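Asker: This is the content of input06.cif (mmCIF, C-alpha atoms and all ligand atoms):
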```cif
data_data
#
loop_
_atom_site.group_PDB
_atom_site.id
_atom_site.type_symbol
_atom_site.label_atom_id
_atom_site.label_comp_id
_atom_site.auth_asym_id
_atom_site.auth_seq_id
_atom_site.Cartn_x
_atom_site.Cartn_y
_atom_site.Cartn_z
ATOM 1 C CA MET A 1 20.566 51.928 -34.513
ATOM 2 C CA ALA A 2 22.517 51.653 -37.769
ATOM 3 C CA ALA A 3 24.688 48.563 -38.176
ATOM 4 C CA GLY A 4 28.318 49.578 -37.959
ATOM 5 C CA ASP A 5 27.797 52.506 -35.578
ATOM 6 C CA TYR A 6 30.735 51.670 -33.311
ATOM 7 C CA MET A 7 30.567 55.047 -31.574
ATOM 8 C CA ALA A 8 27.116 54.088 -30.279
ATOM 9 C CA VAL A 9 28.506 50.751 -29.069
ATOM 10 C CA ARG A 10 31.356 52.582 -27.311
ATOM 11 C CA ASP A 11 28.831 54.805 -25.533
ATOM 12 C CA ALA A 12 26.795 51.794 -24.411
ATOM 13 C CA ILE A 13 29.956 50.117 -23.070
ATOM 14 C CA LYS A 14 30.843 53.262 -21.098
ATOM 15 C CA LYS A 15 27.421 53.102 -19.446
ATOM 16 C CA ILE A 16 28.012 49.612 -18.017
ATOM 17 C CA ILE A 17 31.457 50.409 -16.562
ATOM 18 C CA PRO A 18 30.297 52.059 -13.311
ATOM 19 C CA GLN A 19 28.931 49.259 -11.095
ATOM 20 C CA SER A 20 28.355 50.546 -7.583
ATOM 21 C CA SER A 21 27.993 47.137 -5.950
ATOM 22 C CA TYR A 22 30.928 45.443 -7.697
ATOM 23 C CA ASP A 23 34.620 45.472 -6.710
ATOM 24 C CA ASP A 24 35.971 49.038 -6.665
ATOM 25 C CA GLY A 25 32.749 50.351 -8.178
ATOM 26 C CA SER A 26 33.857 49.481 -11.680
ATOM 27 C CA ALA A 27 33.597 46.704 -14.244
ATOM 28 C CA GLY A 28 36.434 48.334 -16.197
ATOM 29 C CA PRO A 29 39.267 46.029 -15.044
ATOM 30 C CA VAL A 30 37.362 42.796 -15.609
ATOM 31 C CA LEU A 31 36.440 43.979 -19.122
ATOM 32 C CA VAL A 32 40.160 44.487 -19.814
ATOM 33 C CA ARG A 33 40.862 40.973 -18.525
ATOM 34 C CA LEU A 34 38.156 39.530 -20.794
ATOM 35 C CA ALA A 35 39.623 41.250 -23.873
ATOM 36 C CA TRP A 36 43.077 39.922 -23.013
ATOM 37 C CA HIS A 37 42.010 36.349 -22.234
ATOM 38 C CA ALA A 38 39.920 36.209 -25.412
ATOM 39 C CA SER A 39 43.067 37.137 -27.372
ATOM 40 C CA GLY A 40 45.852 35.517 -25.358
ATOM 41 C CA THR A 41 45.210 31.957 -26.541
ATOM 42 C CA TYR A 42 46.923 32.763 -29.831
ATOM 43 C CA ASP A 43 49.645 30.500 -31.151
ATOM 44 C CA LYS A 44 51.689 32.202 -33.814
ATOM 45 C CA LYS A 45 53.104 29.036 -35.324
ATOM 46 C CA SER A 46 49.792 27.326 -35.996
ATOM 47 C CA GLY A 47 47.705 30.496 -36.341
ATOM 48 C CA THR A 48 45.157 29.038 -33.881
ATOM 49 C CA GLY A 49 43.427 30.779 -30.969
ATOM 50 C CA GLY A 50 43.222 34.554 -30.583
ATOM 51 C CA SER A 51 40.364 37.023 -30.390
ATOM 52 C CA ASN A 52 38.747 36.020 -33.681
ATOM 53 C CA GLY A 53 35.997 33.465 -33.151
ATOM 54 C CA SER A 54 35.048 34.501 -29.568
ATOM 55 C CA THR A 55 35.475 30.844 -28.673
ATOM 56 C CA MET A 56 35.140 31.629 -24.956
ATOM 57 C CA ARG A 57 31.377 31.507 -25.572
ATOM 58 C CA TYR A 58 31.851 27.734 -25.492
ATOM 59 C CA LYS A 59 32.068 25.815 -22.236
ATOM 60 C CA LEU A 60 35.385 24.181 -23.041
ATOM 61 C CA GLU A 61 37.191 27.534 -23.082
ATOM 62 C CA ALA A 62 34.984 29.329 -20.522
ATOM 63 C CA SER A 63 35.759 26.587 -18.009
ATOM 64 C CA ASP A 64 39.551 26.881 -18.348
ATOM 65 C CA GLU A 65 40.338 27.830 -14.765
ATOM 66 C CA ALA A 66 42.350 30.828 -15.986
ATOM 67 C CA ASN A 67 38.999 32.266 -17.116
ATOM 68 C CA ASN A 68 37.272 32.021 -13.720
ATOM 69 C CA GLY A 69 35.141 35.092 -13.052
ATOM 70 C CA LEU A 70 34.978 36.293 -16.641
ATOM 71 C CA GLU A 71 31.318 35.305 -16.909
ATOM 72 C CA TYR A 72 30.620 38.545 -15.043
ATOM 73 C CA ALA A 73 32.145 40.531 -17.917
ATOM 74 C CA ARG A 74 30.538 38.406 -20.627
ATOM 75 C CA ASN A 75 27.102 38.754 -19.023
ATOM 76 C CA LEU A 76 27.410 42.526 -18.809
ATOM 77 C CA LEU A 77 28.399 42.695 -22.470
ATOM 78 C CA ASP A 78 25.438 40.494 -23.410
ATOM 79 C CA LEU A 79 23.284 43.435 -22.317
ATOM 80 C CA VAL A 80 25.165 45.699 -24.719
ATOM 81 C CA ARG A 81 24.868 43.178 -27.505
ATOM 82 C CA GLN A 82 21.096 43.071 -27.096
ATOM 83 C CA GLN A 83 21.128 46.697 -28.215
ATOM 84 C CA PHE A 84 23.496 46.029 -31.137
ATOM 85 C CA PRO A 85 22.815 42.509 -32.402
ATOM 86 C CA TRP A 86 24.888 43.158 -35.546
ATOM 87 C CA ILE A 87 28.232 43.298 -33.721
ATOM 88 C CA SER A 88 30.232 40.085 -33.340
ATOM 89 C CA TYR A 89 31.036 39.005 -29.795
ATOM 90 C CA ALA A 90 34.695 38.929 -30.773
ATOM 91 C CA ASP A 91 34.553 42.600 -31.786
ATOM 92 C CA LEU A 92 32.456 43.558 -28.758
ATOM 93 C CA TRP A 93 34.744 41.901 -26.201
ATOM 94 C CA THR A 94 37.895 43.457 -27.642
ATOM 95 C CA LEU A 95 36.272 46.873 -28.113
ATOM 96 C CA ALA A 96 35.095 46.772 -24.483
ATOM 97 C CA GLY A 97 38.704 46.336 -23.340
ATOM 98 C CA VAL A 98 39.790 49.363 -25.357
ATOM 99 C CA VAL A 99 36.886 51.510 -24.145
ATOM 100 C CA ALA A 100 37.498 50.474 -20.515
ATOM 101 C CA ILE A 101 41.200 51.400 -20.704
ATOM 102 C CA GLU A 102 40.374 54.816 -22.182
ATOM 103 C CA TYR A 103 37.579 55.337 -19.629
ATOM 104 C CA MET A 104 40.019 54.672 -16.778
ATOM 105 C CA GLY A 105 42.474 57.283 -18.078
ATOM 106 C CA GLY A 106 44.650 55.065 -20.255
ATOM 107 C CA PRO A 107 45.838 55.677 -23.796
ATOM 108 C CA LYS A 108 43.727 55.425 -26.922
ATOM 109 C CA ILE A 109 44.269 52.040 -28.475
ATOM 110 C CA GLY A 110 43.937 51.356 -32.181
ATOM 111 C CA TRP A 111 41.022 48.993 -32.730
ATOM 112 C CA LYS A 112 39.413 47.759 -35.911
ATOM 113 C CA PRO A 113 36.242 45.693 -36.321
ATOM 114 C CA GLY A 114 36.099 42.602 -38.524
ATOM 115 C CA ARG A 115 36.278 39.651 -36.125
ATOM 116 C CA VAL A 116 33.862 36.848 -36.904
ATOM 117 C CA ASP A 117 32.252 34.570 -34.312
ATOM 118 C CA ASP A 118 32.800 30.859 -34.820
ATOM 119 C CA VAL A 119 29.512 29.024 -35.159
ATOM 120 C CA ASP A 120 30.559 25.789 -33.498
ATOM 121 C CA GLU A 121 33.106 24.629 -30.957
ATOM 122 C CA GLN A 122 35.307 22.819 -33.418
ATOM 123 C CA TYR A 123 38.126 25.361 -33.179
ATOM 124 C CA VAL A 124 38.141 26.160 -29.486
ATOM 125 C CA PRO A 125 41.838 26.331 -28.537
ATOM 126 C CA PRO A 126 42.995 23.835 -25.904
ATOM 127 C CA ASN A 127 42.933 24.872 -22.240
ATOM 128 C CA GLY A 128 46.204 25.850 -20.631
ATOM 129 C CA ARG A 129 47.449 28.440 -23.137
ATOM 130 C CA LEU A 130 47.013 31.387 -20.748
ATOM 131 C CA PRO A 131 49.789 32.147 -18.254
ATOM 132 C CA ASP A 132 50.093 30.564 -14.825
ATOM 133 C CA ALA A 133 50.723 33.231 -12.184
ATOM 134 C CA THR A 134 52.648 30.891 -9.879
ATOM 135 C CA GLN A 135 55.531 30.691 -12.349
ATOM 136 C CA GLY A 136 58.535 32.807 -13.369
ATOM 137 C CA GLU A 137 60.310 34.467 -16.286
ATOM 138 C CA ASP A 138 60.808 31.318 -18.397
ATOM 139 C CA HIS A 139 57.104 30.590 -18.374
ATOM 140 C CA ILE A 140 56.160 34.213 -19.129
ATOM 141 C CA ARG A 141 58.535 34.207 -22.088
ATOM 142 C CA SER A 142 57.301 30.915 -23.475
ATOM 143 C CA VAL A 143 53.649 32.028 -23.318
ATOM 144 C CA PHE A 144 54.174 35.519 -24.773
ATOM 145 C CA TYR A 145 56.789 34.489 -27.352
ATOM 146 C CA ARG A 146 54.231 31.899 -28.542
ATOM 147 C CA MET A 147 51.895 34.829 -29.263
ATOM 148 C CA GLY A 148 54.670 36.758 -31.023
ATOM 149 C CA PHE A 149 55.658 39.323 -28.357
ATOM 150 C CA ASN A 150 59.185 40.358 -27.314
ATOM 151 C CA ASP A 151 60.537 41.265 -23.859
ATOM 152 C CA GLN A 152 59.804 44.977 -24.191
ATOM 153 C CA GLU A 153 56.203 44.300 -25.238
ATOM 154 C CA ILE A 154 55.747 41.820 -22.380
ATOM 155 C CA VAL A 155 56.733 44.458 -19.830
ATOM 156 C CA ALA A 156 54.639 47.157 -21.512
ATOM 157 C CA LEU A 157 51.573 44.880 -21.452
ATOM 158 C CA SER A 158 52.222 44.015 -17.818
ATOM 159 C CA GLY A 159 51.362 47.581 -16.853
ATOM 160 C CA ALA A 160 47.712 46.496 -17.179
ATOM 161 C CA HIS A 161 48.078 45.031 -13.690
ATOM 162 C CA ASN A 162 47.736 48.625 -12.612
ATOM 163 C CA LEU A 163 44.041 47.830 -13.024
ATOM 164 C CA GLY A 164 41.760 45.691 -10.925
ATOM 165 C CA ARG A 165 42.435 43.071 -8.357
ATOM 166 C CA CYS A 166 42.814 39.371 -7.649
ATOM 167 C CA HIS A 167 39.958 37.417 -6.130
ATOM 168 C CA ALA A 168 40.477 34.419 -3.842
ATOM 169 C CA ASP A 169 37.457 32.660 -5.362
ATOM 170 C CA ARG A 170 38.691 33.164 -8.941
ATOM 171 C CA SER A 171 42.461 32.726 -9.069
ATOM 172 C CA GLY A 172 43.283 32.020 -5.424
ATOM 173 C CA PHE A 173 45.244 35.286 -5.198
ATOM 174 C CA GLU A 174 43.906 38.276 -3.282
ATOM 175 C CA GLY A 175 44.048 42.046 -3.524
ATOM 176 C CA PRO A 176 44.892 44.937 -5.852
ATOM 177 C CA TRP A 177 48.321 45.830 -7.223
ATOM 178 C CA VAL A 178 47.977 49.595 -6.676
ATOM 179 C CA PRO A 179 46.040 51.965 -4.371
ATOM 180 C CA MET A 180 43.806 53.281 -7.205
ATOM 181 C CA PRO A 181 42.962 50.174 -9.221
ATOM 182 C CA THR A 182 40.428 51.847 -11.501
ATOM 183 C CA ARG A 183 42.822 54.540 -12.708
ATOM 184 C CA PHE A 184 45.285 53.635 -15.466
ATOM 185 C CA SER A 185 48.866 54.808 -14.774
ATOM 186 C CA ASN A 186 52.445 53.581 -14.393
ATOM 187 C CA THR A 187 52.123 53.213 -10.603
ATOM 188 C CA TYR A 188 52.440 49.414 -10.914
ATOM 189 C CA PHE A 189 56.018 49.779 -12.189
ATOM 190 C CA LYS A 190 56.932 52.312 -9.496
ATOM 191 C CA LEU A 191 55.623 50.022 -6.783
ATOM 192 C CA LEU A 192 57.386 46.979 -8.206
ATOM 193 C CA LEU A 193 60.675 48.857 -7.806
ATOM 194 C CA ARG A 194 60.069 50.834 -4.642
ATOM 195 C CA SER A 195 58.074 48.694 -2.273
ATOM 196 C CA ARG A 196 59.377 45.888 -0.178
ATOM 197 C CA TRP A 197 57.472 42.793 -1.101
ATOM 198 C CA HIS A 198 57.109 39.937 1.327
ATOM 199 C CA LYS A 199 56.221 36.436 0.327
ATOM 200 C CA ARG A 200 53.295 35.227 2.388
ATOM 201 C CA LYS A 201 50.384 32.822 2.317
ATOM 202 C CA ASN A 202 47.065 34.595 1.838
ATOM 203 C CA SER A 203 43.730 33.757 3.502
ATOM 204 C CA VAL A 204 43.214 30.723 1.279
ATOM 205 C CA GLY A 205 46.780 29.451 1.691
ATOM 206 C CA VAL A 206 48.148 30.617 -1.680
ATOM 207 C CA GLU A 207 51.627 32.180 -1.774
ATOM 208 C CA GLN A 208 51.792 35.747 -3.061
ATOM 209 C CA TYR A 209 53.803 38.907 -2.379
ATOM 210 C CA ASN A 210 52.397 41.652 -0.190
ATOM 211 C CA ASP A 211 53.517 45.092 0.929
ATOM 212 C CA GLU A 212 54.203 45.719 4.590
ATOM 213 C CA ASP A 213 50.576 46.541 5.427
ATOM 214 C CA ASN A 214 49.163 43.655 3.372
ATOM 215 C CA GLU A 215 47.126 46.146 1.347
ATOM 216 C CA LEU A 216 48.741 45.651 -2.038
ATOM 217 C CA MET A 217 49.967 42.530 -3.769
ATOM 218 C CA MET A 218 52.143 41.156 -6.540
ATOM 219 C CA LEU A 219 51.956 37.779 -8.245
ATOM 220 C CA PRO A 220 55.038 35.577 -8.619
ATOM 221 C CA THR A 221 54.925 36.450 -12.363
ATOM 222 C CA ASP A 222 54.911 40.181 -11.510
ATOM 223 C CA MET A 223 57.993 39.730 -9.316
ATOM 224 C CA ALA A 224 59.756 37.956 -12.179
ATOM 225 C CA LEU A 225 59.767 41.297 -14.022
ATOM 226 C CA VAL A 226 62.121 42.821 -11.463
ATOM 227 C CA LYS A 227 64.169 39.680 -10.962
ATOM 228 C CA ASP A 228 65.026 39.166 -14.620
ATOM 229 C CA PRO A 229 67.567 41.823 -15.742
ATOM 230 C CA LYS A 230 66.166 42.180 -19.269
ATOM 231 C CA PHE A 231 62.627 42.686 -18.029
ATOM 232 C CA ARG A 232 63.800 44.920 -15.195
ATOM 233 C CA ALA A 233 65.430 47.404 -17.556
ATOM 234 C CA TRP A 234 61.998 48.036 -19.106
ATOM 235 C CA VAL A 235 60.266 48.202 -15.719
ATOM 236 C CA GLU A 236 62.714 50.990 -14.792
ATOM 237 C CA ARG A 237 62.084 52.901 -18.011
ATOM 238 C CA TYR A 238 58.303 52.689 -17.693
ATOM 239 C CA ALA A 239 58.406 53.674 -14.006
ATOM 240 C CA ASP A 240 60.332 56.808 -15.047
ATOM 241 C CA ASP A 241 58.523 57.744 -18.209
ATOM 242 C CA LYS A 242 54.745 57.595 -18.200
ATOM 243 C CA ASP A 243 54.424 58.877 -21.781
ATOM 244 C CA LEU A 244 56.727 56.161 -23.089
ATOM 245 C CA PHE A 245 54.720 53.567 -21.171
ATOM 246 C CA TYR A 246 51.405 54.846 -22.554
ATOM 247 C CA ARG A 247 52.755 54.773 -26.101
ATOM 248 C CA ASP A 248 54.265 51.305 -25.827
ATOM 249 C CA PHE A 249 51.276 49.921 -23.943
ATOM 250 C CA ALA A 250 48.846 51.180 -26.598
ATOM 251 C CA ALA A 251 50.908 49.509 -29.332
ATOM 252 C CA ALA A 252 51.289 46.200 -27.489
ATOM 253 C CA PHE A 253 47.667 45.967 -26.331
ATOM 254 C CA GLY A 254 46.440 46.864 -29.827
ATOM 255 C CA LYS A 255 48.630 44.073 -31.199
ATOM 256 C CA LEU A 256 47.263 41.627 -28.608
ATOM 257 C CA LEU A 257 43.677 42.303 -29.694
ATOM 258 C CA GLU A 258 44.589 41.684 -33.343
ATOM 259 C CA LEU A 259 45.992 38.202 -32.764
ATOM 260 C CA GLY A 260 44.268 35.664 -34.978
ATOM 261 C CA VAL A 261 42.178 38.261 -36.809
ATOM 262 C CA ILE A 262 41.814 37.685 -40.516
ATOM 263 C CA ARG A 263 42.586 40.873 -42.439
ATOM 264 C CA GLY A 264 43.398 39.585 -45.894
ATOM 265 C CA PRO A 265 43.609 36.531 -48.152
ATOM 266 C CA GLU A 266 47.001 35.573 -46.709
ATOM 267 C CA ASP A 267 45.573 35.448 -43.171
ATOM 268 C CA LYS A 268 42.659 33.411 -44.477
ATOM 269 C CA ALA A 269 44.969 30.938 -46.175
ATOM 270 C CA LEU A 270 47.074 30.598 -43.016
ATOM 271 C CA ARG A 271 43.959 29.964 -40.942
ATOM 272 C CA GLN A 272 42.727 27.290 -43.372
ATOM 273 C CA TYR A 273 46.134 25.639 -43.354
ATOM 274 C CA ALA A 274 46.272 25.654 -39.532
ATOM 275 C CA ARG A 275 42.773 24.268 -39.200
ATOM 276 C CA ALA A 276 43.500 21.432 -41.594
ATOM 277 C CA LYS A 277 46.371 20.439 -39.312
ATOM 278 C CA LEU A 278 44.442 20.578 -36.020
HETATM 279 FE FE1 LIG A 301 46.371 39.499 -15.521
HETATM 280 N N1 LIG A 301 45.771 38.476 -13.877
HETATM 281 N N2 LIG A 301 47.871 38.169 -15.824
HETATM 282 N N3 LIG A 301 46.882 40.485 -17.218
HETATM 283 N N4 LIG A 301 44.786 40.740 -15.240
HETATM 284 C C1 LIG A 301 44.733 38.772 -13.059
HETATM 285 C C2 LIG A 301 43.900 39.863 -13.128
HETATM 286 C C3 LIG A 301 43.962 40.799 -14.140
HETATM 287 C C4 LIG A 301 48.177 37.098 -15.044
HETATM 288 C C5 LIG A 301 47.445 36.643 -13.955
HETATM 289 C C6 LIG A 301 46.364 37.312 -13.426
HETATM 290 C C7 LIG A 301 47.981 40.207 -17.985
HETATM 291 C C8 LIG A 301 48.925 39.253 -17.744
HETATM 292 C C9 LIG A 301 48.853 38.292 -16.769
HETATM 293 C C10 LIG A 301 44.502 41.835 -16.022
HETATM 294 C C11 LIG A 301 45.096 42.149 -17.220
HETATM 295 C C12 LIG A 301 46.224 41.531 -17.746
HETATM 296 C C13 LIG A 301 44.641 37.779 -12.034
HETATM 297 C C14 LIG A 301 43.595 37.759 -10.920
HETATM 298 C C15 LIG A 301 45.651 36.877 -12.241
HETATM 299 C C16 LIG A 301 45.965 35.653 -11.408
HETATM 300 C C17 LIG A 301 42.275 37.156 -11.430
HETATM 301 C C18 LIG A 301 41.245 37.170 -10.332
HETATM 302 O O1 LIG A 301 41.475 36.533 -9.305
HETATM 303 O O2 LIG A 301 40.208 37.837 -10.499
HETATM 304 C C19 LIG A 301 49.415 36.494 -15.514
HETATM 305 C C20 LIG A 301 50.089 35.274 -14.913
HETATM 306 C C21 LIG A 301 49.834 37.240 -16.579
HETATM 307 C C22 LIG A 301 51.105 37.050 -17.428
HETATM 308 C C23 LIG A 301 52.263 37.701 -16.823
HETATM 309 C C24 LIG A 301 48.123 41.225 -19.110
HETATM 310 C C25 LIG A 301 49.301 42.110 -18.845
HETATM 311 C C26 LIG A 301 49.288 42.573 -17.448
HETATM 312 C C27 LIG A 301 48.304 40.661 -20.538
HETATM 313 C C28 LIG A 301 46.867 41.970 -18.952
HETATM 314 O O3 LIG A 301 46.451 42.900 -19.719
HETATM 315 C C29 LIG A 301 43.477 42.624 -15.370
HETATM 316 C C30 LIG A 301 42.913 43.951 -15.882
HETATM 317 C C31 LIG A 301 43.146 41.969 -14.197
HETATM 318 C C32 LIG A 301 42.154 42.425 -13.133
HETATM 319 C C33 LIG A 301 40.814 41.752 -13.314
HETATM 320 C C34 LIG A 301 39.792 42.145 -12.281
HETATM 321 O O4 LIG A 301 38.769 41.455 -12.209
HETATM 322 O O5 LIG A 301 39.960 43.135 -11.568
#
```
With the file now loaded, output its structure as structure tokens.
Ligand code: HIF
Answerer:
Amino acid sequence: MAAGDYMAVRDAIKKIIPQSSYDDGSAGPVLVRLAWHASGTYDKKSGTGGSNGSTMRYKLEASDEANNGLEYARNLLDLVRQQFPWISYADLWTLAGVVAIEYMGGPKIGWKPGRVDDVDEQYVPPNGRLPDATQGEDHIRSVFYRMGFNDQEIVALSGAHNLGRCHADRSGFEGPWVPMPTRFSNTYFKLLLRSRWHKRKNSVGVEQYNDEDNELMMLPTDMALVKDPKFRAWVERYADDKDLFYRDFAAAFGKLLELGVIRGPEDKALRQYARAKL
């Protein structure tokens, strides 16, 4: 297989998405979570963290409790990488997120290769940069503003919780956000607005929000999007307008995957400067 044949890599990723004995029969959602957690460590001010480097290969980052369960996704992608040893892990993990979203009916997301894997653990970002689901709007803003996102982009990104589910043995939370968690749509926003959510303790004693039948759930951070008036205005727009959501989601998720990627001499200089200060 020719080096640089990203279409072939995309096809190989599509083949590992159906997993009959895993979750809802799909590895798609956990691949999206891997792409996001690989990127979401970015700190705009220092230029550290982000998808470049694939530093989650190192124990320090892999063992951040926010990353519990992602070894499943990394192991699956190791199988793909065996077929394409020329691709960087950083490119593979982010590309897998994009392919999974498209596979599940989501928008096409702009993606470019060029990420380079770090060769030692010197630049692994500190633990604790990913969001804590037990918190509210102030925390969400401080984490996503640190990456360089605004309120509208935060809400657009949040639509990814239309995919997948929480696992008691990973995060302590339990259950899916929507009835069809392997189908990308704006249902998450509709449910946030329409359903009555009750705070309750789940089977492992963690507080979360559930619908009346305890089938669907929301995290405290999800509920903050309807509590905060600025966030809520965007939740309402995306619940009403699926095309707008798809467009804004594609832009915001594409931006997320680019965080920390070096595209020119100015990015390289910033990275060198930041590393000298670490
Ligand atoms: Fe998630 N997220 N996320 N998330 N997330 C979980 C699962 C998924 C937050 C917490 C959690 C985003 C933002 C935030 C996905 C994608 C994205 C889980 C459950 C928690 C606790 C993990 C488990 O138990 O397996 C918080 C606090 C966020 C900031 C508000 C992004 C926007 C929504 C950035 C995003 O893209 C996906 C997909 C999953 C499902 C994973 C699965 O294994 O099914």
Asker: Taking the file above as input, evaluate the PyMOL selection byres (((not hetatm)) within 6 of (chain A and resi 301)) and report the hits as a PyMOL selection string.
Answerer: chain A and resi 29-30+32-33+36+131-133+140+157-161+163-168+170-171+173+221
Asker: Neighbours of A:Arg200 within 10 Å (only C-alpha atoms; same-chain residues fewer than 2 positions away dropped), as a list in words?
Answerer: Trp197, His198, Asn202, Ser203, Gly205, Val206, Glu207, Gln208, Tyr209, Asn210, Asp211 and Asn214 of chain A
Asker: I need the residue nearest A:Gly260 from this list: A:Val116, A:Ile154, A:Leu95, A:Ala2. Use only C-alpha atoms for the distance.
Answerer: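 Of the candidates, the smallest distance to A:Gly260 is held by A:Val116.
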Asker: Stretch 179-186 of chain A: which residues within 8 Å, counting all atoms listed in the file, same-chain residues fewer than 3 positions away excluded, as a PyMOL selection string?
Answerer: chain A and resi 24+26+28-29+101+104-106+159-160+162-165+176+189-190+216+238-239+242+245
Asker: What is the atom CA of A:Arg196-atom CA of A:Val226 distance in Å, reported with one decimal?
Answerer: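 Atom-to-atom, atom CA of A:Arg196 and atom CA of A:Val226 are spaced 12.0 Å apart.
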Asker: Hey, can you check how far atom CA of A:Ala96 sits from atom CA of A:Ser51?
Answerer: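 Separation of atom CA of A:Ala96 and atom CA of A:Ser51: 12.6 Å.
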Asker: If you count only C-alpha atoms, which residues fall within 8 Å of A:Leu77, apart from same-chain ones fewer than 6 positions away, as a PyMOL selection string?
Answerer: chain A and resi 13+92-93
Asker: Please, what distance in Å, to one decimal, runs between atom CA of A:Phe253 and atom CA of A:Phe144?
Answerer: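 Pair atom CA of A:Phe253 / atom CA of A:Phe144 returns 12.4 Å.
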Asker: Restricting the calculation to all atoms listed in the file, which member of A:Glu137, A:Val261, A:Gly148, A:Gly114 is positioned closest to A:Lys44?
Answerer: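 The shortest atom-to-atom distance to A:Lys44 comes from A:Gly148.
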Asker: Skipping near chain neighbours, those fewer than 3 positions away, what residues fall within 12 Å of A:Lys15 using all atoms listed in the file, listed as a PyMOL selection string?
Answerer: chain A and resi 8-12+18-19+26-28+76-77+79-80+96+99-100+103
Asker: Taking C-alpha atoms for each residue, export the selection above as a PDB file, in the frame of the given file.
Answerer:
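Final file, part15.pdb:
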```pdb
ATOM      1  CA  ALA A   8      27.116  54.088 -30.279  1.00  0.00           C
ATOM      2  CA  VAL A   9      28.506  50.751 -29.069  1.00  0.00           C
ATOM      3  CA  ARG A  10      31.356  52.582 -27.311  1.00  0.00           C
ATOM      4  CA  ASP A  11      28.831  54.805 -25.533  1.00  0.00           C
ATOM      5  CA  ALA A  12      26.795  51.794 -24.411  1.00  0.00           C
ATOM      6  CA  PRO A  18      30.297  52.059 -13.311  1.00  0.00           C
ATOM      7  CA  GLN A  19      28.931  49.259 -11.095  1.00  0.00           C
ATOM      8  CA  SER A  26      33.857  49.481 -11.680  1.00  0.00           C
ATOM      9  CA  ALA A  27      33.597  46.704 -14.244  1.00  0.00           C
ATOM     10  CA  GLY A  28      36.434  48.334 -16.197  1.00  0.00           C
ATOM     11  CA  LEU A  76      27.410  42.526 -18.809  1.00  0.00           C
ATOM     12  CA  LEU A  77      28.399  42.695 -22.470  1.00  0.00           C
ATOM     13  CA  LEU A  79      23.284  43.435 -22.317  1.00  0.00           C
ATOM     14  CA  VAL A  80      25.165  45.699 -24.719  1.00  0.00           C
ATOM     15  CA  ALA A  96      35.095  46.772 -24.483  1.00  0.00           C
ATOM     16  CA  VAL A  99      36.886  51.510 -24.145  1.00  0.00           C
ATOM     17  CA  ALA A 100      37.498  50.474 -20.515  1.00  0.00           C
ATOM     18  CA  TYR A 103      37.579  55.337 -19.629  1.00  0.00           C
TER      19      TYR A 103
END
```
Asker: Could you list the residues chosen by the PyMOL selection byres (((chain A and resi 151) around 10) and not hetatm) in this structure as a PyMOL selection string?
Answerer: chain A and resi 140-141+144-145+149-150+152-157+225+230-232+234
Asker: Select, from A:Tyr89, A:Tyr72, A:Met7, A:Arg129, the residue with the minimum atom-to-atom distance to A:Gly40, counting all atoms listed in the file.
Answerer: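 Nearest candidate to A:Gly40 out of A:Tyr89, A:Tyr72, A:Met7, A:Arg129: A:Arg129.
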Asker: For the file shown, what are the residues hit by the PyMOL selection byres (((chain A and resi 122) around 10) and not hetatm), laid out as a list in words?
Answerer: Thr55, Tyr58, Asp118, Val119, Asp120, Glu121, Tyr123, Val124, Pro125, Arg275 and Leu278 of chain A
Asker: Could you check the closest approach to A:Ala38 for each of A:Leu60, A:Leu219, A:Leu259, A:Leu193 and tell me which residue wins, using all atoms listed in the file?
Answerer: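 Going through A:Leu60, A:Leu219, A:Leu259, A:Leu193 one by one, the smallest distance to A:Ala38 is for A:Leu259.
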Asker: Would you compute, for all listed atoms of stretch 165-181 of chain A, the axis-aligned bounding box grown by 4 Å on each side, and then report its centre and edge lengths in Å rounded to one decimal, as AutoDock Vina command-line options?
Answerer:
```
--center_x 42.9 --center_y 42.7 --center_z -6.3 --size_x 18.9 --size_y 29.3 --size_z 13.9
```
Asker: Check the smallest atom-to-atom distance from each of A:Asp43, A:Gly4, A:Pro229, A:Glu61 to A:Phe84 using all atoms listed in the file, then report the winner.
Answerer: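 Of A:Asp43, A:Gly4, A:Pro229, A:Glu61, the one nearest A:Phe84, counting all atoms listed in the file, is A:Gly4.
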Asker: Using all atoms listed in the file, find the one residue out of A:Pro85, A:Gly110, A:Gly50, A:Gly175 that sits nearest to A:Ala251.
Answerer: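 Closest candidate: A:Gly110.
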Asker: Select, counting only C-alpha atoms, all protein, DNA and RNA residues no farther than 12 Å from (35.4, 25.3, -16.8) in file coordinates, and express the selection as a ChimeraX atom specification.
Answerer: /A:56-71,126-128,170
Asker: From the structure just shown, export stretch 117-121 of chain A with N, CA and C atoms as a short mmCIF file (atom, residue, chain, number, x, y, z; two decimals), in the first residue's frame.
Answerer:
```
data_model
loop_
_atom_site.label_atom_id
_atom_site.label_comp_id
_atom_site.auth_asym_id
_atom_site.auth_seq_id
_atom_site.Cartn_x
_atom_site.Cartn_y
_atom_site.Cartn_z
N ASP A 117 4.31 12.17 15.58
CA ASP A 117 4.30 11.55 16.91
C ASP A 117 5.55 11.96 17.69
N ASP A 118 5.35 12.36 18.94
CA ASP A 118 6.51 12.63 19.79
C ASP A 118 7.24 11.32 20.06
N VAL A 119 8.55 11.41 20.20
CA VAL A 119 9.31 10.16 20.37
C VAL A 119 9.69 9.90 21.83
N ASP A 120 9.37 10.82 22.71
CA ASP A 120 9.54 10.52 24.13
C ASP A 120 8.45 11.24 24.91
N GLU A 121 8.43 10.99 26.24
CA GLU A 121 7.30 11.52 27.00
C GLU A 121 7.55 12.90 27.59
#
```
